[in-house]
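Undergrad: Coordinates in work.pdb, PDB, C-alpha atoms, are listed below.
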```pdb
ATOM      1  CA  MET W   1    -100.037  50.523 -35.211
ATOM      2  CA  PHE W   2    -101.200  49.874 -38.772
ATOM      3  CA  LYS W   3    -104.330  51.945 -38.200
ATOM      4  CA  LYS W   4    -102.249  54.879 -36.959
ATOM      5  CA  ILE W   5     -99.997  54.718 -40.002
ATOM      6  CA  MET W   6    -102.967  54.554 -42.359
ATOM      7  CA  LEU W   7    -104.622  57.462 -40.553
ATOM      8  CA  PHE W   8    -101.415  59.495 -40.885
ATOM      9  CA  ILE W   9    -101.142  58.733 -44.615
ATOM     10  CA  PHE W  10    -104.822  59.504 -45.198
ATOM     11  CA  SER W  11    -104.515  62.746 -43.227
ATOM     12  CA  GLY W  12    -101.515  63.781 -45.312
ATOM     13  CA  MET W  13    -103.353  63.105 -48.563
ATOM     14  CA  LEU W  14    -106.373  64.991 -47.291
ATOM     15  CA  MET W  15    -104.218  67.984 -46.376
ATOM     16  CA  LEU W  16    -102.795  68.030 -49.911
ATOM     17  CA  ASN W  17    -106.315  68.301 -51.300
ATOM     18  CA  LEU W  18    -107.424  71.162 -49.069
ATOM     19  CA  CYS W  19    -107.464  74.670 -50.451
ATOM     20  CA  GLY W  20    -104.662  76.969 -49.285
ATOM     21  CA  CYS W  21    -106.820  79.224 -47.109
ATOM     22  CA  PHE W  22    -108.296  76.372 -45.110
ATOM     23  CA  ALA W  23    -104.867  74.823 -44.521
ATOM     24  CA  LEU W  24    -103.509  78.219 -43.483
ATOM     25  CA  PHE W  25    -106.314  78.798 -40.990
ATOM     26  CA  ALA W  26    -106.001  75.288 -39.562
ATOM     27  CA  GLY W  27    -102.250  75.717 -39.100
ATOM     28  CA  VAL W  28    -102.480  79.192 -37.598
ATOM     29  CA  ALA W  29    -105.283  78.202 -35.267
ATOM     30  CA  GLY W  30    -103.078  75.433 -33.928
ATOM     31  CA  GLY W  31    -105.325  72.509 -34.711
ATOM     32  CA  ALA W  32    -103.912  69.244 -33.416
ATOM     33  CA  GLY W  33    -104.677  67.495 -36.683
ATOM     34  CA  THR W  34    -107.121  67.160 -39.495
ATOM     35  CA  ALA W  35    -110.797  67.434 -38.698
ATOM     36  CA  VAL W  36    -112.367  63.976 -38.559
ATOM     37  CA  TRP W  37    -115.942  62.999 -39.403
ATOM     38  CA  LEU W  38    -117.160  60.434 -36.845
ATOM     39  CA  SER W  39    -120.704  59.285 -36.096
ATOM     40  CA  GLY W  40    -122.240  62.281 -37.833
ATOM     41  CA  LYS W  41    -119.983  64.791 -36.040
ATOM     42  CA  LEU W  42    -117.094  66.819 -37.343
ATOM     43  CA  THR W  43    -114.371  66.752 -34.677
ATOM     44  CA  GLN W  44    -111.278  68.968 -34.367
ATOM     45  CA  GLU W  45    -108.789  69.573 -31.560
ATOM     46  CA  PHE W  46    -107.272  73.016 -30.992
ATOM     47  CA  HIS W  47    -104.305  74.283 -29.019
ATOM     48  CA  THR W  48    -106.367  77.131 -27.602
ATOM     49  CA  SER W  49    -107.927  77.813 -24.243
ATOM     50  CA  TYR W  50    -111.415  76.625 -23.423
ATOM     51  CA  GLN W  51    -112.777  80.180 -23.153
ATOM     52  CA  ALA W  52    -111.143  81.303 -26.420
ATOM     53  CA  THR W  53    -112.761  78.367 -28.226
ATOM     54  CA  ILE W  54    -116.165  79.207 -26.734
ATOM     55  CA  ASP W  55    -115.784  82.873 -27.712
ATOM     56  CA  ALA W  56    -114.700  81.969 -31.269
ATOM     57  CA  THR W  57    -117.657  79.607 -31.611
ATOM     58  CA  LYS W  58    -120.162  82.240 -30.511
ATOM     59  CA  ALA W  59    -118.593  84.845 -32.829
ATOM     60  CA  ALA W  60    -118.651  82.407 -35.761
ATOM     61  CA  LEU W  61    -122.322  81.589 -35.253
ATOM     62  CA  GLN W  62    -123.167  85.275 -35.120
ATOM     63  CA  ALA W  63    -121.130  85.953 -38.271
ATOM     64  CA  LEU W  64    -122.953  83.130 -40.076
ATOM     65  CA  ASP W  65    -126.349  84.508 -38.931
ATOM     66  CA  LEU W  66    -127.238  81.248 -37.193
ATOM     67  CA  GLN W  67    -129.808  81.397 -34.442
ATOM     68  CA  VAL W  68    -128.600  80.157 -31.049
ATOM     69  CA  THR W  69    -131.445  78.361 -29.262
ATOM     70  CA  LYS W  70    -129.694  77.056 -26.141
ATOM     71  CA  GLU W  71    -126.346  77.524 -24.426
ATOM     72  CA  THR W  72    -125.098  75.254 -21.653
ATOM     73  CA  TYR W  73    -121.753  76.032 -20.051
ATOM     74  CA  GLY W  74    -119.838  73.802 -17.692
ATOM     75  CA  ARG W  75    -116.362  73.729 -16.255
ATOM     76  CA  ASN W  76    -115.104  71.132 -18.752
ATOM     77  CA  VAL W  77    -117.853  70.796 -21.375
ATOM     78  CA  SER W  78    -120.108  73.354 -23.012
ATOM     79  CA  GLN W  79    -122.799  72.928 -25.634
ATOM     80  CA  ILE W  80    -124.304  75.474 -27.978
ATOM     81  CA  LYS W  81    -127.443  74.503 -29.875
ATOM     82  CA  GLY W  82    -128.781  76.435 -32.783
ATOM     83  CA  SER W  83    -130.791  76.271 -35.952
ATOM     84  CA  TYR W  84    -130.656  77.329 -39.554
ATOM     85  CA  SER W  85    -133.429  79.354 -41.163
ATOM     86  CA  ASP W  86    -134.573  76.179 -42.983
ATOM     87  CA  GLY W  87    -135.106  74.395 -39.647
ATOM     88  CA  ARG W  88    -131.975  72.221 -39.564
ATOM     89  CA  GLU W  89    -130.621  71.873 -36.058
ATOM     90  CA  MET W  90    -126.994  72.284 -35.050
ATOM     91  CA  TRP W  91    -125.087  71.131 -31.964
ATOM     92  CA  ILE W  92    -121.599  72.222 -31.000
ATOM     93  CA  ASP W  93    -119.864  70.573 -28.064
ATOM     94  CA  ILE W  94    -116.696  72.133 -26.682
ATOM     95  CA  HIS W  95    -114.561  69.941 -24.408
ATOM     96  CA  ARG W  96    -111.683  71.183 -22.261
ATOM     97  CA  LEU W  97    -108.802  68.740 -22.693
ATOM     98  CA  THR W  98    -106.122  70.727 -20.862
ATOM     99  CA  ASP W  99    -105.691  74.382 -19.908
ATOM    100  CA  ASN W 100    -104.514  75.129 -23.455
ATOM    101  CA  SER W 101    -106.303  72.579 -25.614
ATOM    102  CA  THR W 102    -109.895  71.877 -26.521
ATOM    103  CA  LYS W 103    -111.900  69.482 -28.664
ATOM    104  CA  LEU W 104    -114.767  70.792 -30.769
ATOM    105  CA  GLU W 105    -117.573  68.549 -32.071
ATOM    106  CA  ILE W 106    -120.055  69.927 -34.602
ATOM    107  CA  ARG W 107    -123.193  68.222 -35.888
ATOM    108  CA  VAL W 108    -125.682  69.770 -38.289
ATOM    109  CA  GLY W 109    -128.916  67.909 -38.981
ATOM    110  CA  GLY W 110    -130.666  65.330 -36.884
ATOM    111  CA  VAL W 111    -131.438  62.278 -38.996
ATOM    112  CA  ARG W 112    -129.208  63.147 -41.940
ATOM    113  CA  PRO W 113    -126.051  64.929 -40.770
ATOM    114  CA  ASP W 114    -124.865  67.678 -43.137
ATOM    115  CA  LYS W 115    -121.078  67.456 -43.389
ATOM    116  CA  GLU W 116    -120.773  70.512 -45.645
ATOM    117  CA  ALA W 117    -122.674  72.753 -43.237
ATOM    118  CA  ALA W 118    -120.618  71.460 -40.290
ATOM    119  CA  SER W 119    -117.411  72.129 -42.250
ATOM    120  CA  LYS W 120    -118.521  75.689 -42.967
ATOM    121  CA  VAL W 121    -119.104  76.337 -39.249
ATOM    122  CA  LEU W 122    -115.730  74.782 -38.382
ATOM    123  CA  ARG W 123    -113.902  76.935 -40.945
ATOM    124  CA  LYS W 124    -115.515  80.083 -39.534
ATOM    125  CA  ILE W 125    -114.509  79.127 -35.973
ATOM    126  CA  GLN W 126    -110.957  78.446 -37.187
ATOM    127  CA  SER W 127    -110.817  81.831 -38.877
ATOM    128  CA  PHE W 128    -111.783  83.611 -35.654
ATOM    129  CA  LEU W 129    -109.174  81.664 -33.690
ATOM    130  CA  ALA W 130    -106.527  82.316 -36.339
ATOM    131  CA  GLN W 131    -107.215  86.038 -36.531
ATOM    132  CA  GLY W 132    -107.495  86.460 -32.783
ATOM    133  CA  LEU W 133    -110.682  88.524 -33.222
ATOM    134  CA  LEU W 134    -112.017  87.755 -29.760
TER     135      LEU W 134
END
```
Please render this file's structure as structure tokens.

TA:
Amino acid sequence: MFKKIMLFIFSGMLMLNLCGCFALFAGVAGGAGTAVWLSGKLTQEFHTSYQATIDATKAALQALDLQVTKETYGRNVSQIKGSYSDGREMWIDIHRLTDNSTKLEIRVGGVRPDKEAASKVLRKIQSFLAQGLL
């Protein structure tokens, strides 16, 4: 229980420090909470359909001019692999939680994960979900 309370307080403080645009996009996109950095992955839940999340991810990668090297689609889990022009690799896992919710996991960099790059990809995906440009 203490961990949940501390996580809630930390999440609230983190939200206060976010810029207005990011908070707006996260709220409009229906994220189920603050993105969390775990084991080198940036994780975020969305109240959007599985297919809408996949479509937003593909559109975001195209908008960021990131090269997609492999796409694997399943009924409940999909993975999109890509790379930056400097050779850094990127993995995005999309998990179906329910018919109207998904979990997105983003990792950029193999040995040394790049949190800033992963955050940039997440923000772009959120913007596509928020604007409904799919």

Undergrad: So how many Å separate atom CA of Ile80 of chain W and atom CA of Asp93 of chain W, to one decimal?

TA: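 Atom CA of Ile80 of chain W sits 6.6 Å away from atom CA of Asp93 of chain W.
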
Undergrad: Counting only C-alpha atoms, find residues at most 7 Å from (-113.8, 75.7, -32.7) (file frame) and give them as a PyMOL selection string.

TA: chain W and resi 53+56-57+104+122+125-126

Undergrad: Write the residues you've just listed into a file as a PDB file, in the coordinates of the input, and include C-alpha atoms for each of them.

TA:
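Written file, again_24.pdb:
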```
ATOM      1  CA  THR W  53    -112.761  78.367 -28.226  1.00  0.00           C
ATOM      2  CA  ALA W  56    -114.700  81.969 -31.269  1.00  0.00           C
ATOM      3  CA  THR W  57    -117.657  79.607 -31.611  1.00  0.00           C
ATOM      4  CA  LEU W 104    -114.767  70.792 -30.769  1.00  0.00           C
ATOM      5  CA  LEU W 122    -115.730  74.782 -38.382  1.00  0.00           C
ATOM      6  CA  ILE W 125    -114.509  79.127 -35.973  1.00  0.00           C
ATOM      7  CA  GLN W 126    -110.957  78.446 -37.187  1.00  0.00           C
TER       8      GLN W 126
END
```

Undergrad: Around (-131.3, 75.0, -34.4) in the file's frame, which residues reach within 9 Å when counting only C-alpha atoms? Return as a list in words?

TA: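 Checked against the point, the hits come out as Leu66, Gln67, Val68, Thr69, Lys70, Lys81, Gly82, Ser83, Tyr84, Ser85, Gly87, Arg88, Glu89, Met90, Trp91, Val108 and Gly109 of chain W.
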
Undergrad: Determine, counting all atoms listed in the file, which protein, DNA and RNA residues have an atom within 10 Å of an atom of segment 96-102 of chain W; residues of the same chain fewer than 2 positions away are not included. Present the result as a list of chain:residue names.

TA: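 So, after excluding close chain neighbours, the residues are W:Gly30, W:Gly31, W:Ala32, W:Gln44, W:Glu45, W:Phe46, W:His47, W:Thr48, W:Ser49, W:Tyr50, W:Gln51, W:Ala52, W:Thr53, W:Ile54, W:Gly74, W:Arg75, W:Asn76, W:Val77, W:Ser78, W:Ile94, W:Leu104.
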
Undergrad: Please compute the atom CA of Ser119 of chain W-atom CA of Gln62 of chain W distance, one decimal, in Å.

TA: 16.0 Å
